[in-house]
Structures are given as C-alpha cells and as structure tokens.
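What follows is the content of input30.cif, which has mmCIF, N, CA and C atoms:
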data_protein
loop_
_atom_site.label_atom_id
_atom_site.label_comp_id
_atom_site.auth_asym_id
_atom_site.auth_seq_id
_atom_site.Cartn_x
_atom_site.Cartn_y
_atom_site.Cartn_z
N MET D 5 100.10 140.31 25.46
CA MET D 5 100.65 139.71 26.62
C MET D 5 99.76 138.58 27.10
N LYS D 6 100.37 137.54 27.51
CA LYS D 6 99.66 136.37 27.96
C LYS D 6 99.43 136.44 29.48
N THR D 7 98.20 136.21 29.91
CA THR D 7 97.91 136.20 31.34
C THR D 7 97.90 134.76 31.82
N THR D 8 98.43 134.57 32.99
CA THR D 8 98.44 133.22 33.56
C THR D 8 97.49 133.15 34.73
N THR D 9 96.86 132.06 34.84
CA THR D 9 95.97 131.85 35.99
C THR D 9 96.77 131.09 37.05
N PRO D 10 96.49 131.35 38.32
CA PRO D 10 97.22 130.63 39.37
C PRO D 10 96.91 129.14 39.30
N ARG D 11 97.94 128.37 39.50
CA ARG D 11 97.76 126.91 39.46
C ARG D 11 97.21 126.41 40.79
N ARG D 12 96.39 125.42 40.67
CA ARG D 12 95.89 124.77 41.87
C ARG D 12 96.80 123.62 42.22
N LYS D 13 96.87 123.38 43.48
CA LYS D 13 97.69 122.27 43.95
C LYS D 13 96.99 120.97 43.57
N ASN D 14 97.73 120.04 43.13
CA ASN D 14 97.19 118.74 42.77
C ASN D 14 96.64 118.07 44.03
N THR D 15 95.42 117.54 43.95
CA THR D 15 94.80 116.94 45.13
C THR D 15 95.54 115.68 45.57
N ALA D 16 96.17 115.00 44.66
CA ALA D 16 96.94 113.81 45.02
C ALA D 16 98.12 114.21 45.89
N THR D 17 98.76 115.33 45.59
CA THR D 17 99.88 115.81 46.38
C THR D 17 99.39 116.24 47.75
N SER D 18 98.22 116.85 47.82
CA SER D 18 97.66 117.30 49.09
C SER D 18 97.40 116.12 50.01
N ASN D 19 96.85 115.03 49.49
CA ASN D 19 96.60 113.84 50.30
C ASN D 19 97.91 113.21 50.75
N HIS D 20 98.91 113.31 49.93
CA HIS D 20 100.21 112.73 50.27
C HIS D 20 100.82 113.46 51.46
N ASP D 21 100.60 114.77 51.57
CA ASP D 21 101.12 115.54 52.70
C ASP D 21 100.51 115.07 54.02
N ASP D 22 99.22 114.69 54.00
CA ASP D 22 98.55 114.23 55.21
C ASP D 22 99.13 112.91 55.71
N ALA D 23 99.66 112.11 54.83
CA ALA D 23 100.19 110.81 55.20
C ALA D 23 101.71 110.86 55.39
N SER D 24 102.26 112.03 55.49
CA SER D 24 103.71 112.13 55.64
C SER D 24 104.14 111.60 57.00
N PRO D 25 105.34 111.09 57.10
CA PRO D 25 105.84 110.57 58.38
C PRO D 25 105.82 111.63 59.48
N VAL D 26 106.06 112.88 59.11
CA VAL D 26 106.06 113.95 60.11
C VAL D 26 104.66 114.12 60.69
N LYS D 27 103.64 114.16 59.85
CA LYS D 27 102.26 114.30 60.32
C LYS D 27 101.83 113.09 61.14
N MET D 28 102.26 111.91 60.71
CA MET D 28 101.90 110.70 61.44
C MET D 28 102.51 110.72 62.83
N LEU D 29 103.78 111.10 62.93
CA LEU D 29 104.44 111.17 64.23
C LEU D 29 103.78 112.23 65.11
N GLU D 30 103.44 113.36 64.52
CA GLU D 30 102.77 114.41 65.27
C GLU D 30 101.45 113.91 65.83
N SER D 31 100.72 113.17 65.04
CA SER D 31 99.45 112.60 65.48
C SER D 31 99.67 111.60 66.62
N GLU D 32 100.70 110.78 66.51
CA GLU D 32 101.00 109.79 67.55
C GLU D 32 101.43 110.48 68.84
N ILE D 33 102.18 111.56 68.74
CA ILE D 33 102.59 112.31 69.92
C ILE D 33 101.39 112.91 70.62
N THR D 34 100.45 113.41 69.85
CA THR D 34 99.21 113.95 70.43
C THR D 34 98.46 112.86 71.17
N ALA D 35 98.37 111.68 70.58
CA ALA D 35 97.70 110.55 71.24
C ALA D 35 98.46 110.12 72.49
N LEU D 36 99.78 110.15 72.45
CA LEU D 36 100.60 109.80 73.60
C LEU D 36 100.37 110.79 74.75
N ARG D 37 100.26 112.06 74.44
CA ARG D 37 99.98 113.07 75.46
C ARG D 37 98.64 112.81 76.12
N ARG D 38 97.65 112.43 75.31
CA ARG D 38 96.33 112.10 75.84
C ARG D 38 96.42 110.89 76.78
N ASP D 39 97.17 109.87 76.35
CA ASP D 39 97.36 108.67 77.18
C ASP D 39 98.09 109.00 78.48
N LEU D 40 99.08 109.87 78.39
CA LEU D 40 99.82 110.29 79.58
C LEU D 40 98.89 110.94 80.60
N ARG D 41 98.07 111.87 80.14
CA ARG D 41 97.15 112.55 81.05
C ARG D 41 96.17 111.56 81.69
N ALA D 42 95.64 110.64 80.92
CA ALA D 42 94.70 109.64 81.45
C ALA D 42 95.40 108.73 82.47
N THR D 43 96.62 108.33 82.16
CA THR D 43 97.37 107.45 83.05
C THR D 43 97.71 108.15 84.36
N VAL D 44 98.12 109.40 84.26
CA VAL D 44 98.46 110.17 85.47
C VAL D 44 97.22 110.35 86.34
N ARG D 45 96.08 110.63 85.72
CA ARG D 45 94.84 110.78 86.49
C ARG D 45 94.49 109.48 87.22
N ALA D 46 94.59 108.35 86.52
CA ALA D 46 94.26 107.06 87.14
C ALA D 46 95.25 106.71 88.25
N TYR D 47 96.53 106.96 88.01
CA TYR D 47 97.58 106.67 89.00
C TYR D 47 97.38 107.53 90.25
N THR D 48 97.14 108.81 90.05
CA THR D 48 96.92 109.72 91.17
C THR D 48 95.68 109.31 91.95
N SER D 49 94.65 108.94 91.24
CA SER D 49 93.40 108.53 91.89
C SER D 49 93.64 107.30 92.77
N ARG D 50 94.39 106.33 92.26
CA ARG D 50 94.67 105.11 93.03
C ARG D 50 95.46 105.45 94.29
N LEU D 51 96.49 106.29 94.16
CA LEU D 51 97.30 106.65 95.32
C LEU D 51 96.47 107.42 96.35
N GLU D 52 95.62 108.32 95.87
CA GLU D 52 94.75 109.09 96.78
C GLU D 52 93.81 108.16 97.55
N GLU D 53 93.26 107.16 96.85
CA GLU D 53 92.36 106.20 97.51
C GLU D 53 93.10 105.40 98.58
N GLU D 54 94.34 104.99 98.29
CA GLU D 54 95.12 104.24 99.27
C GLU D 54 95.45 105.10 100.49
N LEU D 55 95.77 106.38 100.26
CA LEU D 55 96.03 107.28 101.39
C LEU D 55 94.77 107.50 102.22
N ALA D 56 93.64 107.67 101.56
CA ALA D 56 92.38 107.85 102.28
C ALA D 56 92.04 106.61 103.10
N ALA D 57 92.30 105.43 102.54
CA ALA D 57 92.04 104.19 103.28
C ALA D 57 92.93 104.09 104.51
N ALA D 58 94.21 104.46 104.37
CA ALA D 58 95.13 104.42 105.51
C ALA D 58 94.68 105.39 106.59
N ALA D 59 94.23 106.58 106.20
CA ALA D 59 93.76 107.57 107.17
C ALA D 59 92.49 107.07 107.86
N ALA D 60 91.61 106.40 107.12
CA ALA D 60 90.37 105.87 107.71
C ALA D 60 90.69 104.79 108.74
N VAL D 61 91.66 103.95 108.43
CA VAL D 61 92.05 102.91 109.38
C VAL D 61 92.58 103.54 110.66
N LEU D 62 93.40 104.58 110.52
CA LEU D 62 93.93 105.26 111.70
C LEU D 62 92.82 105.87 112.55
N ARG D 63 91.82 106.45 111.90
CA ARG D 63 90.69 107.05 112.64
C ARG D 63 89.91 105.99 113.41
N ASN D 64 89.89 104.76 112.88
CA ASN D 64 89.13 103.69 113.53
C ASN D 64 89.90 102.98 114.63
N TYR D 65 91.15 103.33 114.84
CA TYR D 65 91.94 102.68 115.89
C TYR D 65 91.38 102.93 117.28
N GLY D 66 90.77 104.06 117.48
CA GLY D 66 90.24 104.37 118.81
C GLY D 66 91.29 105.03 119.68
N PRO D 67 91.06 105.05 120.97
CA PRO D 67 91.99 105.72 121.88
C PRO D 67 93.36 105.04 121.89
N VAL D 68 94.38 105.86 122.08
CA VAL D 68 95.76 105.36 122.09
C VAL D 68 95.97 104.36 123.23
N GLU D 69 95.29 104.57 124.32
CA GLU D 69 95.46 103.69 125.48
C GLU D 69 95.06 102.25 125.18
N LYS D 70 94.20 102.05 124.20
CA LYS D 70 93.72 100.71 123.89
C LYS D 70 94.55 100.01 122.81
N LEU D 71 95.52 100.71 122.25
CA LEU D 71 96.35 100.10 121.21
C LEU D 71 97.45 99.25 121.84
N SER D 72 97.78 98.17 121.15
CA SER D 72 98.87 97.32 121.65
C SER D 72 100.20 98.03 121.48
N ARG D 73 101.18 97.56 122.23
CA ARG D 73 102.52 98.15 122.15
C ARG D 73 103.09 97.97 120.73
N GLU D 74 102.83 96.81 120.17
CA GLU D 74 103.32 96.53 118.81
C GLU D 74 102.71 97.50 117.80
N ARG D 75 101.40 97.75 117.94
CA ARG D 75 100.71 98.67 117.02
C ARG D 75 101.24 100.09 117.19
N LEU D 76 101.49 100.49 118.42
CA LEU D 76 102.05 101.82 118.67
C LEU D 76 103.43 101.99 118.04
N HIS D 77 104.25 100.95 118.15
CA HIS D 77 105.58 101.00 117.53
C HIS D 77 105.47 101.08 116.01
N GLN D 78 104.53 100.33 115.47
CA GLN D 78 104.32 100.36 114.02
C GLN D 78 103.89 101.75 113.57
N VAL D 79 102.96 102.35 114.29
CA VAL D 79 102.49 103.69 113.94
C VAL D 79 103.63 104.70 114.07
N ARG D 80 104.42 104.60 115.12
CA ARG D 80 105.55 105.51 115.30
C ARG D 80 106.56 105.37 114.16
N ASP D 81 106.89 104.13 113.80
CA ASP D 81 107.86 103.91 112.71
C ASP D 81 107.34 104.46 111.38
N LEU D 82 106.07 104.24 111.11
CA LEU D 82 105.49 104.76 109.86
C LEU D 82 105.45 106.29 109.87
N THR D 83 105.17 106.87 111.03
CA THR D 83 105.16 108.33 111.15
C THR D 83 106.54 108.90 110.83
N ILE D 84 107.57 108.26 111.35
CA ILE D 84 108.94 108.71 111.08
C ILE D 84 109.26 108.60 109.60
N MET D 85 108.87 107.48 108.99
CA MET D 85 109.14 107.29 107.55
C MET D 85 108.46 108.36 106.71
N VAL D 86 107.21 108.64 107.01
CA VAL D 86 106.46 109.63 106.22
C VAL D 86 107.00 111.03 106.48
N ARG D 87 107.33 111.32 107.73
CA ARG D 87 107.81 112.65 108.09
C ARG D 87 109.16 112.97 107.48
N THR D 88 110.03 111.97 107.34
CA THR D 88 111.39 112.22 106.85
C THR D 88 111.52 112.12 105.33
N ARG D 89 110.42 112.13 104.65
CA ARG D 89 110.50 112.04 103.18
C ARG D 89 111.22 113.27 102.63
N ARG D 90 111.96 113.07 101.58
CA ARG D 90 112.70 114.15 100.92
C ARG D 90 112.21 114.24 99.49
N LEU D 91 111.25 115.11 99.29
CA LEU D 91 110.66 115.26 97.95
C LEU D 91 110.92 116.66 97.42
N LYS D 92 110.99 116.74 96.10
CA LYS D 92 111.09 118.03 95.42
C LYS D 92 110.01 118.06 94.35
N PRO D 93 108.76 118.28 94.78
CA PRO D 93 107.63 118.19 93.85
C PRO D 93 107.72 119.13 92.66
N LYS D 94 108.33 120.28 92.84
CA LYS D 94 108.40 121.24 91.73
C LYS D 94 109.26 120.74 90.59
N LYS D 95 110.15 119.79 90.88
CA LYS D 95 111.00 119.25 89.82
C LYS D 95 110.27 118.19 88.99
N GLY D 96 109.22 117.61 89.54
CA GLY D 96 108.45 116.63 88.80
C GLY D 96 109.24 115.38 88.44
N ARG D 97 110.00 114.86 89.40
CA ARG D 97 110.87 113.71 89.12
C ARG D 97 110.16 112.38 89.34
N ARG D 98 110.51 111.40 88.49
CA ARG D 98 109.99 110.04 88.68
C ARG D 98 110.43 109.48 90.02
N LYS D 99 111.64 109.86 90.42
CA LYS D 99 112.19 109.42 91.70
C LYS D 99 111.24 109.79 92.84
N ASP D 100 110.69 110.98 92.81
CA ASP D 100 109.75 111.42 93.84
C ASP D 100 108.45 110.61 93.79
N LEU D 101 107.97 110.34 92.59
CA LEU D 101 106.75 109.52 92.46
C LEU D 101 106.98 108.12 93.00
N ARG D 102 108.14 107.55 92.72
CA ARG D 102 108.47 106.23 93.25
C ARG D 102 108.50 106.25 94.77
N GLN D 103 109.09 107.29 95.34
CA GLN D 103 109.17 107.39 96.79
C GLN D 103 107.77 107.52 97.40
N ILE D 104 106.92 108.32 96.80
CA ILE D 104 105.55 108.46 97.28
C ILE D 104 104.82 107.12 97.19
N ASP D 105 104.96 106.45 96.06
CA ASP D 105 104.31 105.15 95.88
C ASP D 105 104.81 104.16 96.92
N ASN D 106 106.11 104.14 97.17
CA ASN D 106 106.67 103.23 98.17
C ASN D 106 106.17 103.55 99.57
N LEU D 107 106.09 104.83 99.90
CA LEU D 107 105.58 105.22 101.22
C LEU D 107 104.13 104.77 101.40
N ILE D 108 103.35 104.95 100.36
CA ILE D 108 101.94 104.54 100.44
C ILE D 108 101.84 103.02 100.58
N SER D 109 102.69 102.31 99.87
CA SER D 109 102.72 100.85 100.00
C SER D 109 103.11 100.43 101.41
N ASP D 110 104.03 101.18 102.01
CA ASP D 110 104.45 100.88 103.38
C ASP D 110 103.34 101.12 104.39
N LEU D 111 102.36 101.93 104.03
CA LEU D 111 101.24 102.19 104.92
C LEU D 111 100.19 101.06 104.89
N ALA D 112 100.28 100.17 103.92
CA ALA D 112 99.31 99.10 103.76
C ALA D 112 99.18 98.21 105.01
N PRO D 113 100.27 97.93 105.75
CA PRO D 113 100.11 97.10 106.95
C PRO D 113 99.16 97.69 108.00
N LEU D 114 98.92 98.99 107.93
CA LEU D 114 97.97 99.59 108.87
C LEU D 114 96.59 98.95 108.72
N ALA D 115 96.25 98.65 107.48
CA ALA D 115 94.93 98.09 107.20
C ALA D 115 94.93 96.56 107.33
N GLY D 116 96.08 96.02 107.71
CA GLY D 116 96.18 94.58 107.85
C GLY D 116 96.35 93.85 106.54
N LYS D 117 96.79 94.59 105.51
CA LYS D 117 96.98 93.98 104.19
C LYS D 117 98.32 93.34 104.09
#

Would you write out, as structure tokens, the structure that this file holds?
Amino acid sequence: MKTTTPRRKNTATSNHDDASPVKMLESEITALRRDLRATVRAYTSRLEEELAAAAAVLRNYGPVEKLSRERLHQVRDLTIMVRTRRLKPKKGRRKDLRQIDNLISDLAPLAGK
C-alpha cells in the first residue's frame, strides 16, 4: 500500500490570498473605522471647546443689572433656543449632530464673534 504525505499549500497561492479584493476591502474598512473614531474625537473636542467658551463668556458678564436690554434679550432668545432643542441622542442621528452644531454656532454671538 502506498502512503501519501499531506500536501503543503503553495506559497504563491498563500500570498495571492492576502492580496484578494476581500482582504483589501476589509483592511480599508478597518482603516475607515480608525479614521471615524479620530474624526469624532476631534469634532467632539471642538464642540466642547466652543461650549466652554460660551459658558466662560456668560460667567464674565457680571451682574444682570449691568447688562444692556439688548444683551438681555439676546441671552433670553438663546436660552429659549437651547432649551427647546429636540434631540434623540440614543438614536445617534446625523440630524441631531447638525442641530447641536447649529445651536453651538448660534451661541457664538455671545463672545462677540
């Protein structure tokens, strides 16, 4: 009886598997996920800084009695806008991110920007 030895996979075929379109796409998706996380961190950081700046400006306004009527109306209008936001954070919608970004942009006049 003849005994057979197990065949080894050809190394050329093995290298070809690494360059397959499926592996390449998988690698690109992994890189895209990394880019997404980095972008979200940078975006969140920017928005947090803008919110902190708006809060700092409000703290520096001083007593309400010394604010102009125009400034008081502006603060009241911005308070209403921020208070009436309709967000559903658990859904993770782009629409909510846009609304948050727009609200933060609307707060920029507080700093005189």

Point-to-point distance from atom CA of D:Ala57 to atom CA of D:Leu91, Å rounded to tenths:
22.3 Å

Which value, in Å to one decimal, gives the distance between atom CA of D:Leu62 and atom CA of D:Leu111?
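Separating atom CA of D:Leu62 from atom CA of D:Leu111 is a distance of 10.4 Å.
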
Tell me, in Å to one decimal, how far atom C of D:Ala58 is from atom N of D:Ala112.
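Straight-line distance from atom C of D:Ala58 to atom N of D:Ala112 works out to 8.1 Å.
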
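If you measure from each of D:Val86, D:Ala23, D:Leu29, D:Leu114 to D:Glu74 using only C-alpha atoms, the closest one turns out to be D:Leu114.
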
Selection near D:Glu54, 10 Å with only C-alpha atoms, sequence-local residues under 4 positions removed, as a PyMOL selection string:
chain D and resi 48-50+58-60+105+108-109+111-112

Give me every alpha helix (DSSP H) residue in stretch 27-110 of chain D, going by DSSP on the backbone, as JSON, numbers by chain.
{"D": [27, 28, 29, 30, 31, 32, 33, 34, 35, 36, 37, 38, 39, 40, 41, 42, 43, 44, 45, 46, 47, 48, 49, 50, 51, 52, 53, 54, 55, 56, 57, 58, 59, 60, 61, 62, 63, 73, 74, 75, 76, 77, 78, 79, 80, 81, 82, 83, 84, 85, 86, 87, 98, 99, 100, 101, 102, 103, 104, 105, 106, 107, 108, 109, 110]}

Box dimensions and centre (Å, one decimal) enclosing stretch 93-100 of chain D, axis-aligned, 4 Å extra per side, as AutoDock Vina command-line options:
--center_x 109.9 --center_y 115.3 --center_z 91.6 --size_x 12.6 --size_y 19.8 --size_z 14.3
